[in-house]
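*Asks:* Sharing a structure with you now.
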Amino acid sequence: MTVKTVTTATIKEMKQKGEPITMITAYDVAMARNVNEAGVDMILVGDSLGNVVLGYNSTVPVTMEEMLHHTKAVMRGNSRALVVGDMPFMSYQASIVDGMYNAARFLKETGCTAVKLEGGSEVCPLVEKLTAAGIPVVGHLGLTPQSVNQLGGFKVQGKDIAAAQKIIDDAKALEAAGAFAIVLECVPAALAAKITGELKTAATIGIGAGSGCDGQVLVCNDLLGVTDGFCPKFVRKYADLHTTTVAAVKQYIADVKARTFPAAEHTFKIDDSVLEKLY
Ligand code: KIV
């Protein structure tokens, strides 16, 4: 069976048809294989890598080399999904040249299809250049974690008139600059639905932004319950891998201590005639 790969044209078509778009983060080959098998449309190699995999307190310390390393791993496990590499903090904010160079590294060195970057009108000149150069772009508005120090914490965005209007204006500006999709993070559901209705070509992908978006994204470790730490209000846990993992490893420890693992079926044989000749 041939697998039809998801392209930016597929995502645009899904928006036009009103078909919900699914996106999930992944950071390694095993997760990429699993989410492809499940049939997800888009994989985001998010800079949430920093918090989720590398143990940083925020996404701010994440480097280009770390992002490229994990995006390459995801690409080795990808078969159908459209993979988006997340541009880390300060890989594009200082200059257009930096942004062009680092975005190109994602496509050239990892083989992914698109890049994501945070910000509104201030990043539009870069988005225009990237799309003109053939690099598809996903925008990111609302709670933009790379600006957590400026925002004063991980809070819902766009609650007053000025802030809500700015998100609408930024979304329209990103669409006009060529972004084919825009992540809306932690914004009121009614605002996200209004933006989704007003954008003609760019698909909105919500996280903590309600069901009125064109698609949804979740961090894979949150959705799967990989740890028992803090979990944002907007997450639905579809599995409890933390409990499963701890129970499995406890059982392994008990089996090794009791010498019931490895059992005969886990061992390799040698002929007695060989064994007898050993001294
Ligand atoms: O880095 C990330 O995982 C993200 C998602 C939360 C959208 O940006």
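Residues in the structure tokens are numbered from 1 in each chain, the chains being A, B, ... in the order shown, and ligands are numbered from 1 in the order shown.
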Using 10 Å as the limit and counting only C-alpha atoms, can you tabulate each residue of range 161-222 of chain A that touches range 112-116 of chain A, with its shortest atom-to-atom distance in Å and the two atoms involved, as CSV?

*Replies:*
```
residue,atom,partner,partner_atom,distance
A:Ala179,CA,A:Lys116,CA,9.2
A:Phe180,CA,A:Ala114,CA,9.6
A:Ala181,CA,A:Lys116,CA,9.1
A:Ile182,CA,A:Lys116,CA,8.6
A:Val183,CA,A:Lys116,CA,8.8
```

*Asks:* Please save N, CA, C and O atoms of the selected residues as a CSV table (one decimal), in the first residue's frame.

*Replies:*
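File produced: out.csv:
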```
chain,number,residue,atom,x,y,z
A,179,ALA,N,2.4,32.4,6.1
A,179,ALA,CA,2.4,31.2,7.0
A,179,ALA,C,1.2,30.3,6.6
A,179,ALA,O,0.1,30.8,6.3
A,180,PHE,N,1.5,29.0,6.5
A,180,PHE,CA,0.4,28.1,6.1
A,180,PHE,C,-0.4,27.6,7.3
A,180,PHE,O,-1.5,27.0,7.1
A,181,ALA,N,0.1,27.8,8.5
A,181,ALA,CA,-0.6,27.4,9.7
A,181,ALA,C,-0.1,28.3,10.8
A,181,ALA,O,1.0,28.8,10.8
A,182,ILE,N,-0.9,28.4,11.9
A,182,ILE,CA,-0.6,29.2,13.0
A,182,ILE,C,-1.0,28.5,14.3
A,182,ILE,O,-2.2,28.2,14.4
A,183,VAL,N,-0.1,28.2,15.2
A,183,VAL,CA,-0.4,27.7,16.5
A,183,VAL,C,-1.0,28.8,17.3
A,183,VAL,O,-0.4,29.9,17.4
```

*Asks:* Sort by chain and increasing residue number a table of all residues of chain A within 9 Å of ligand 1, each with its closest pair of atoms and their distance in Å to one decimal, counting only C-alpha atoms and all ligand atoms, and write it as JSON lines.

*Replies:*
```
{"residue": "A:Met23", "atom": "CA", "partner": "ligand 1", "partner_atom_place_in_ligand_line": "7 (C)", "distance": 8.9}
{"residue": "A:Ile24", "atom": "CA", "partner": "ligand 1", "partner_atom_place_in_ligand_line": "3 (O)", "distance": 8.2}
{"residue": "A:Thr25", "atom": "CA", "partner": "ligand 1", "partner_atom_place_in_ligand_line": "3 (O)", "distance": 5.8}
{"residue": "A:Ala26", "atom": "CA", "partner": "ligand 1", "partner_atom_place_in_ligand_line": "3 (O)", "distance": 8.5}
{"residue": "A:Leu44", "atom": "CA", "partner": "ligand 1", "partner_atom_place_in_ligand_line": "3 (O)", "distance": 6.7}
{"residue": "A:Val45", "atom": "CA", "partner": "ligand 1", "partner_atom_place_in_ligand_line": "3 (O)", "distance": 6.9}
{"residue": "A:Gly46", "atom": "CA", "partner": "ligand 1", "partner_atom_place_in_ligand_line": "1 (O)", "distance": 3.3}
{"residue": "A:Asp47", "atom": "CA", "partner": "ligand 1", "partner_atom_place_in_ligand_line": "1 (O)", "distance": 4.0}
{"residue": "A:Ser48", "atom": "CA", "partner": "ligand 1", "partner_atom_place_in_ligand_line": "1 (O)", "distance": 3.8}
{"residue": "A:Leu49", "atom": "CA", "partner": "ligand 1", "partner_atom_place_in_ligand_line": "1 (O)", "distance": 6.7}
{"residue": "A:Gly50", "atom": "CA", "partner": "ligand 1", "partner_atom_place_in_ligand_line": "1 (O)", "distance": 8.4}
{"residue": "A:Val52", "atom": "CA", "partner": "ligand 1", "partner_atom_place_in_ligand_line": "3 (O)", "distance": 8.8}
{"residue": "A:Thr59", "atom": "CA", "partner": "ligand 1", "partner_atom_place_in_ligand_line": "1 (O)", "distance": 7.6}
{"residue": "A:Asp86", "atom": "CA", "partner": "ligand 1", "partner_atom_place_in_ligand_line": "1 (O)", "distance": 6.7}
{"residue": "A:Pro88", "atom": "CA", "partner": "ligand 1", "partner_atom_place_in_ligand_line": "1 (O)", "distance": 8.9}
{"residue": "A:Lys116", "atom": "CA", "partner": "ligand 1", "partner_atom_place_in_ligand_line": "8 (O)", "distance": 8.0}
{"residue": "A:Leu117", "atom": "CA", "partner": "ligand 1", "partner_atom_place_in_ligand_line": "8 (O)", "distance": 8.5}
{"residue": "A:Glu118", "atom": "CA", "partner": "ligand 1", "partner_atom_place_in_ligand_line": "8 (O)", "distance": 8.3}
{"residue": "A:His140", "atom": "CA", "partner": "ligand 1", "partner_atom_place_in_ligand_line": "8 (O)", "distance": 7.4}
{"residue": "A:Thr144", "atom": "CA", "partner": "ligand 1", "partner_atom_place_in_ligand_line": "8 (O)", "distance": 7.7}
{"residue": "A:Pro145", "atom": "CA", "partner": "ligand 1", "partner_atom_place_in_ligand_line": "8 (O)", "distance": 7.5}
{"residue": "A:Val183", "atom": "CA", "partner": "ligand 1", "partner_atom_place_in_ligand_line": "7 (C)", "distance": 6.1}
{"residue": "A:Leu184", "atom": "CA", "partner": "ligand 1", "partner_atom_place_in_ligand_line": "7 (C)", "distance": 7.9}
{"residue": "A:Glu185", "atom": "CA", "partner": "ligand 1", "partner_atom_place_in_ligand_line": "7 (C)", "distance": 6.8}
{"residue": "A:Ile205", "atom": "CA", "partner": "ligand 1", "partner_atom_place_in_ligand_line": "7 (C)", "distance": 8.2}
{"residue": "A:Gly206", "atom": "CA", "partner": "ligand 1", "partner_atom_place_in_ligand_line": "7 (C)", "distance": 7.9}
{"residue": "A:Ile207", "atom": "CA", "partner": "ligand 1", "partner_atom_place_in_ligand_line": "7 (C)", "distance": 6.5}
{"residue": "A:Val217", "atom": "CA", "partner": "ligand 1", "partner_atom_place_in_ligand_line": "7 (C)", "distance": 6.2}
{"residue": "A:Leu218", "atom": "CA", "partner": "ligand 1", "partner_atom_place_in_ligand_line": "6 (C)", "distance": 6.5}
{"residue": "A:Val219", "atom": "CA", "partner": "ligand 1", "partner_atom_place_in_ligand_line": "3 (O)", "distance": 5.6}
{"residue": "A:Cys220", "atom": "CA", "partner": "ligand 1", "partner_atom_place_in_ligand_line": "3 (O)", "distance": 8.7}
```

*Asks:* What lies within 12 Å of Met75 in chain A using only C-alpha atoms, ignoring chain neighbours under 4 positions off, as a PyMOL selection string?

*Replies:* chain A and resi 26-33+36+43-45+68-71+79-85+106-107+109-113

*Asks:* Considering only C-alpha atoms, return as a ChimeraX atom specification whatever protein or nucleic-acid residues lie within 8 Å of range 222-232 of chain A, sequence-local ones (same chain, fewer than 6 positions apart) excluded.

*Replies:* /A:238-242

*Asks:* What is the CA of Met42 in chain A to CA of Asn149 in chain A distance in Å?

*Replies:*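 If I compute the distance from CA of Met42 in chain A to CA of Asn149 in chain A, I get 28.8 Å.
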
*Asks:* Quick check for you: according to DSSP on this backbone, which residues of range 99-245 of chain A are classed as strand (DSSP E)? Reply as a VMD selection string.

*Replies:* chain A and resid 114 to 116 137 to 142 181 to 185 203 to 207 215 to 218

*Asks:* Can you list, as number ranges by chain, every protein, DNA or RNA residue that comes within 9 Å of Leu130 in chain A when you count only C-alpha atoms, leaving out same-chain residues fewer than 3 positions away?

*Replies:* A: 99-100, 103-104, 125-127, 133-137, 178
